[in-house]
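K.L.:
What follows is a single structure, and I will ask about it in a moment.
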Amino acid sequence: MLEAGGLFAAAVPRGPGRCGMYWYGHGMGAWGWFAMSLTTLIVWALIIAGAVLVVRAFKRDGTDARAVAAPEAAGKQVEDLLAERFARGEIDDEEYERRLAVLRSHAHRPAEG
């Protein structure tokens, strides 16, 4: 039986065994709620991971941070560090010259392997 009482009230059947638009009795069970919650978490995790990957891709300056530095650049960095230690007085001039000679002799040797 249809009841009057509003613009959409006539479209909703009322009475025993008649539920309009899944009201009062055709809801999800516990597994439905669990599946919906899990799916929501997975979707949000994928959205956040995608956003992080996009930001990291645009933030890159074109160099790979994991790439190994060229031997010349690495040798220069080590020599700079040795010069800083000498300037701070941590090593004397004899030790500085000895270590610098060792570094430069190893820098010109081809890599083994």
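For the structure tokens, the naming scheme is as follows: chains receive sequential letters (A, B, ...) according to their order of presentation, residues are indexed from 1 within each chain, and ligands are indexed from 1 in presentation order.
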A:Leu100: which residues within 9 Å, counting only C-alpha atoms, same-chain residues fewer than 4 positions away excluded, as a ChimeraX atom specification?

P.N.:
/A:79,82-83,95-96,104-105

K.L.:
Generate a file of the selected residues that holds C-alpha atoms, formatted as a short mmCIF file (atom, residue, chain, number, x, y, z; two decimals), in the first residue's frame.

P.N.:
data_model
loop_
_atom_site.label_atom_id
_atom_site.label_comp_id
_atom_site.auth_asym_id
_atom_site.auth_seq_id
_atom_site.Cartn_x
_atom_site.Cartn_y
_atom_site.Cartn_z
CA GLU A 79 91.85 15.03 -1.17
CA LEU A 82 92.62 15.42 3.75
CA ALA A 83 93.35 19.12 3.13
CA GLU A 95 101.58 12.87 7.21
CA TYR A 96 99.60 15.06 4.79
CA ARG A 104 97.21 9.87 -5.91
CA SER A 105 99.08 6.62 -6.59
#

K.L.:
Work out how far apart atom CA of A:Lys76 and atom CA of A:Leu103 are and give it in Å to one decimal.

P.N.:
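So the answer is 9.7 Å.
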